[in-house]
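With mmCIF, C-alpha atoms inside, this is upload_12.cif:
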data_run
#
loop_
_atom_site.label_atom_id
_atom_site.label_comp_id
_atom_site.auth_asym_id
_atom_site.auth_seq_id
_atom_site.Cartn_x
_atom_site.Cartn_y
_atom_site.Cartn_z
CA MET A 1 104.89 136.65 119.21
CA ASP A 2 106.58 134.35 116.71
CA ALA A 3 105.07 131.58 114.59
CA ARG A 4 106.23 128.85 116.96
CA GLN A 5 104.38 130.42 119.89
CA ILE A 6 101.27 130.95 117.76
CA LEU A 7 101.23 127.31 116.67
CA LYS A 8 101.68 126.06 120.23
CA ILE A 9 98.68 128.12 121.34
CA LEU A 10 96.58 126.81 118.43
CA ILE A 11 97.54 123.20 119.12
CA LYS A 12 96.65 123.61 122.80
CA GLU A 13 93.27 125.16 121.95
CA TYR A 14 92.36 122.85 119.06
CA GLY A 15 93.05 119.24 119.83
CA GLY A 16 95.99 119.20 122.24
CA THR A 17 98.31 117.32 119.86
CA GLN A 18 99.94 118.12 116.53
CA LYS A 19 98.19 115.15 114.91
CA VAL A 20 94.68 116.15 115.94
CA PHE A 21 95.27 119.83 115.14
CA ALA A 22 96.57 118.85 111.71
CA SER A 23 93.43 116.77 111.07
CA ILE A 24 91.21 119.69 112.03
CA ILE A 25 92.85 122.11 109.61
CA GLY A 26 93.30 119.58 106.81
CA THR A 27 97.04 119.00 106.75
CA THR A 28 99.54 116.48 108.12
CA GLN A 29 101.31 116.21 111.47
CA PRO A 30 104.77 116.35 109.81
CA ALA A 31 103.75 119.59 108.09
CA VAL A 32 102.79 121.16 111.42
CA ALA A 33 106.02 119.90 112.98
CA ASN A 34 107.98 121.49 110.12
CA TRP A 35 106.22 124.83 110.65
CA ILE A 36 107.19 124.75 114.32
CA ALA A 37 110.79 123.78 113.55
CA ALA A 38 111.11 126.53 110.93
CA ASN A 39 109.29 129.05 113.17
CA GLN A 40 107.15 130.01 110.18
CA ILE A 41 103.62 129.30 108.98
CA PRO A 42 103.54 129.24 105.16
CA GLU A 43 100.81 131.02 103.22
CA SER A 44 99.15 127.69 102.46
CA GLY A 45 99.11 126.89 106.18
CA ILE A 46 97.61 130.25 107.09
CA ALA A 47 94.92 129.69 104.45
CA LYS A 48 94.08 126.27 105.91
CA ILE A 49 93.86 127.63 109.45
CA CYS A 50 91.67 130.57 108.42
CA LYS A 51 89.34 128.27 106.47
CA ALA A 52 88.98 125.67 109.25
CA LEU A 53 89.01 128.13 112.17
CA PRO A 54 87.30 131.36 111.10
CA GLU A 55 87.29 132.65 114.67
CA VAL A 56 91.10 132.90 114.59
CA SER A 57 92.34 136.33 113.54
CA PHE A 58 94.36 136.50 110.31
CA GLU A 59 96.30 139.45 111.69
CA TRP A 60 97.26 137.41 114.76
CA LEU A 61 98.38 134.50 112.58
CA ILE A 62 100.80 136.67 110.63
CA GLY A 63 102.09 138.35 113.77
CA LYS A 64 100.65 141.81 113.23
CA VAL A 65 98.69 141.83 116.50
CA GLU A 66 99.37 140.23 119.87
CA THR A 67 95.80 139.13 120.63
CA PRO A 68 95.42 135.32 120.70
CA PRO A 69 92.29 133.40 119.54
CA ARG A 70 89.07 134.49 121.22
CA GLY A 71 88.74 132.79 124.56
CA TYR A 72 92.37 131.73 124.98
CA GLN A 73 93.18 132.06 128.67
CA ASP A 74 96.74 132.91 129.63
CA THR A 75 98.20 135.13 132.33
CA ASN A 76 100.17 137.01 129.66
CA TYR A 77 97.04 138.15 127.85
CA MET A 78 93.79 139.90 128.61
CA ALA A 79 90.85 137.49 128.62
CA ALA A 80 88.56 137.97 125.64
CA THR A 81 85.02 139.14 126.24
CA SER A 82 83.53 136.52 123.87
CA PRO A 83 84.98 133.19 125.00
CA LEU A 84 85.88 130.54 122.46
CA PRO A 85 84.34 127.12 123.20
CA MET A 86 86.86 125.08 125.14
CA GLY A 87 86.30 121.98 123.05
CA LYS A 88 85.35 118.43 123.92
CA PRO A 89 87.41 115.75 125.67
CA PHE A 90 89.78 113.70 123.53
CA TYR A 91 90.47 110.30 125.10
CA SER A 92 93.73 109.45 123.36
CA GLN A 93 94.19 106.36 125.54
CA MET A 94 90.62 105.09 125.18
CA PRO A 95 90.68 102.89 122.07
CA THR A 96 87.40 101.41 120.94
CA SER A 97 87.09 98.20 118.98
CA ALA A 98 84.86 95.24 118.22
CA GLY A 99 86.40 93.20 121.00
CA GLN A 100 86.44 93.35 124.75
CA LEU A 101 87.93 96.44 126.30
CA ILE A 102 87.65 97.05 130.01
CA GLN A 103 86.77 100.63 130.87
CA GLY A 104 89.10 102.06 133.47
CA ASP A 105 92.02 104.43 133.91
CA GLU A 106 92.53 104.67 130.16
CA ASP A 107 89.51 106.98 130.11
CA ILE A 108 91.43 109.75 131.89
CA THR A 109 92.43 112.64 129.62
CA THR A 110 93.49 116.27 129.73
CA GLU A 111 93.26 116.79 125.97
CA ARG A 112 90.41 118.57 124.24
CA ILE A 113 89.27 119.07 120.65
CA TYR A 114 87.28 121.97 119.27
CA ILE A 115 85.71 121.29 115.86
CA PRO A 116 83.22 123.92 114.65
CA ASN A 117 79.67 122.88 113.83
CA GLN A 118 79.93 119.41 115.39
CA THR A 119 77.65 117.88 118.02
CA ALA A 120 80.05 115.27 119.42
CA GLU A 121 80.42 115.20 123.21
CA PHE A 122 83.85 113.52 123.14
CA TYR A 123 86.42 112.03 120.76
CA PHE A 124 88.66 108.96 120.81
CA PRO A 125 90.65 106.69 118.47
CA VAL A 126 89.39 103.41 117.06
CA HIS A 127 91.51 100.27 117.11
CA GLY A 128 90.78 97.49 114.66
CA ASN A 129 89.20 97.38 111.23
CA SER A 130 85.79 95.82 111.81
CA MET A 131 84.12 98.99 110.45
CA PHE A 132 86.43 99.32 107.44
CA PRO A 133 86.15 101.06 105.02
CA THR A 134 83.89 103.55 106.83
CA ILE A 135 86.15 103.70 109.89
CA ASP A 136 89.71 102.40 109.78
CA ASN A 137 92.23 101.52 112.45
CA GLY A 138 93.61 104.78 113.86
CA ASP A 139 90.73 106.99 112.79
CA VAL A 140 89.31 109.32 115.46
CA ILE A 141 85.56 109.38 116.01
CA GLY A 142 83.31 111.78 117.86
CA ALA A 143 80.10 110.63 119.51
CA ARG A 144 77.19 111.93 121.54
CA GLU A 145 74.91 110.08 123.94
CA LEU A 146 71.63 108.81 122.57
CA LYS A 147 68.80 109.95 124.80
CA SER A 148 66.32 107.28 123.72
CA ALA A 149 66.61 103.81 122.19
CA SER A 150 63.77 104.78 119.86
CA LEU A 151 66.24 107.06 118.05
CA ILE A 152 68.45 104.17 116.91
CA ARG A 153 68.53 103.88 113.13
CA PRO A 154 70.00 100.91 111.19
CA ASN A 155 72.01 103.13 108.86
CA ASP A 156 73.82 105.00 111.64
CA ILE A 157 76.93 103.93 113.55
CA TYR A 158 77.00 103.68 117.33
CA VAL A 159 79.37 103.14 120.24
CA ILE A 160 77.86 100.48 122.49
CA GLY A 161 79.00 100.00 126.09
CA THR A 162 78.01 96.88 128.03
CA ARG A 163 77.86 95.90 131.68
CA SER A 164 80.82 93.58 131.17
CA GLY A 165 83.05 96.49 130.10
CA GLU A 166 83.00 95.98 126.34
CA ARG A 167 83.07 99.03 124.11
CA MET A 168 82.17 98.46 120.46
CA VAL A 169 81.61 100.52 117.32
CA LYS A 170 78.81 98.91 115.29
CA ARG A 171 75.55 99.36 113.45
CA ILE A 172 72.48 98.16 115.36
CA ARG A 173 69.47 96.14 114.23
CA GLY A 174 66.51 94.75 116.14
CA ILE A 175 65.74 97.60 118.50
CA ASN A 176 62.00 97.20 117.90
CA GLY A 177 59.94 94.20 118.93
CA ASN A 178 60.07 91.79 121.85
CA ASP A 179 63.37 90.09 120.99
CA PRO A 180 65.62 90.33 124.08
CA ASN A 181 68.68 90.68 121.84
CA LEU A 182 70.12 93.33 119.58
CA THR A 183 72.08 92.37 116.48
CA LEU A 184 75.34 94.27 115.96
CA TYR A 185 76.80 94.59 112.47
CA SER A 186 80.20 95.54 111.11
CA ASP A 187 80.86 97.23 107.78
CA ASN A 188 83.78 94.88 107.13
CA PRO A 189 82.27 91.69 105.58
CA ALA A 190 84.98 89.63 107.27
CA PHE A 191 83.21 90.18 110.60
CA GLU A 192 79.99 88.28 111.21
CA PRO A 193 76.98 89.91 112.92
CA PHE A 194 76.43 88.88 116.53
CA ASN A 195 73.78 89.31 119.21
CA VAL A 196 73.96 91.15 122.52
CA GLU A 197 71.28 91.02 125.19
CA LYS A 198 69.48 94.33 125.51
CA GLN A 199 69.75 94.18 129.29
CA MET A 200 73.56 94.05 129.00
CA ILE A 201 73.77 97.42 127.26
CA VAL A 202 74.36 100.40 129.53
CA HIS A 203 75.35 103.14 127.05
CA VAL A 204 74.66 103.91 123.41
CA PHE A 205 76.38 106.83 121.70
CA LYS A 206 75.80 107.89 118.12
CA VAL A 207 78.93 108.46 116.03
CA THR A 208 78.61 111.99 114.65
CA THR A 209 82.14 112.70 113.46
CA ILE A 210 84.85 110.66 111.73
CA ILE A 211 88.35 112.13 111.45
CA LYS A 212 90.38 110.02 109.05
CA LYS A 213 93.91 109.21 110.11
CA LEU A 214 96.78 110.94 108.35
CA GLU A 215 98.84 108.63 106.18
#

When written as structure tokens, how does the structure in this file appear?
Amino acid sequence: MDARQILKILIKEYGGTQKVFASIIGTTQPAVANWIAANQIPESGIAKICKALPEVSFEWLIGKVETPPRGYQDTNYMAATSPLPMGKPFYSQMPTSAGQLIQGDEDITTERIYIPNQTAEFYFPVHGNSMFPTIDNGDVIGARELKSASLIRPNDIYVIGTRSGERMVKRIRGINGNDPNLTLYSDNPAFEPFNVEKQMIVHVFKVTTIIKKLE
């Protein structure tokens, strides 16, 4: 198995795209593309992969053995006995912003991301800069559903979905008390806080992971 085949398997298992895979291992998409074009993973690239993905065999990366990462399923290989987690959905066409965004077919995805030691249930890109500098336009965030409103904390960031189809990334204030509204805040001072009726909110997800875009 050559380096090009190895990289294609890794990209499929970890992120589904060169850009997301590059973010996971701490390099750039053009670097990964160059490795594929040259059919060679440099020593620095192997070191990055081994550091970010300890479950991937060094011997497999350098082509000494034919066994792919644990859990990789392919008809050309024997299935491993200790499956690798298949990763979480990556909704590449599900941008989230501070404005109105109707939830619909853009939620469909076949991509997945596996990031070790993370609790996110899914990942997607953010459009807009209302949460700058914490989250910038093009950054990918991971989130998990909040099981109880009592767990909302003012210093955390959340994805809020409303009955009208809005999807927003904000900080939340005012969860306690009898006020029928919640106040949503941006990190960017150019965006004013605004209120949303509690009864209009159908989903709250806590942002657990921020993957900065590659310049």

**Message:** Which residues would end up in the selection if the PyMOL selection byres ((chain A and resi 3) around 10) were applied here, given that I need the answer as an MDAnalysis selection string?
**Reply:** chainID A and resid 1:2 4:9 35:42 60:63

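Running the PyMOL selection byres ((chain A and resi 203-210) around 8) on this file leaves Gln118, Thr119, Ala120, Ile135, Asp139, Val140, Ile141, Gly142, Ala143, Arg144, Glu145, Leu146, Asp156, Ile157, Tyr158, Val159, Ile160, Gly161, Thr162, Ile201, Val202, Ile211 and Lys212 of chain A selected.
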
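For the file shown, the residue list from the PyMOL selection byres ((chain A and resi 177-192) around 9) reads Ala98, Asn129, Ser130, Met131, Phe132, Pro133, Thr134, Ile135, Val169, Lys170, Arg171, Ile172, Arg173, Gly174, Ile175, Asn176, Pro193, Phe194, Asn195, Val196, Glu197, Lys198 and Gln199 of chain A.
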
**Item:** One-decimal distance in Å that lies between CA of Asn34 in chain A and CA of Lys19 in chain A
**Value:** 12.6 Å

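Relative to CA of Tyr91 in chain A, CA of His127 in chain A is found at 12.9 Å.
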
**Fill in**
Here CA of Pro116 in chain A and CA of Phe21 in chain A stand apart by 12.7 Å

**Asked** Taking only C-alpha atoms into account, which of A:Asn137, A:Tyr123, A:Arg112, A:Ile46 comes nearest Glu59 in chain A?
**Response** A:Ile46

**Message:** List the spatial neighbours of Ala22 in chain A as JSON, numbers by chain - criterion: any atom at most 12 Å away, only C-alpha atoms, same-chain residues fewer than 3 positions off excluded.
**Reply:** {"A": [7, 10, 11, 14, 15, 16, 17, 18, 19, 25, 26, 27, 28, 29, 30, 31, 32, 33, 34, 35, 45, 48, 49, 52, 53, 113, 115, 211, 212, 213, 214, 215]}
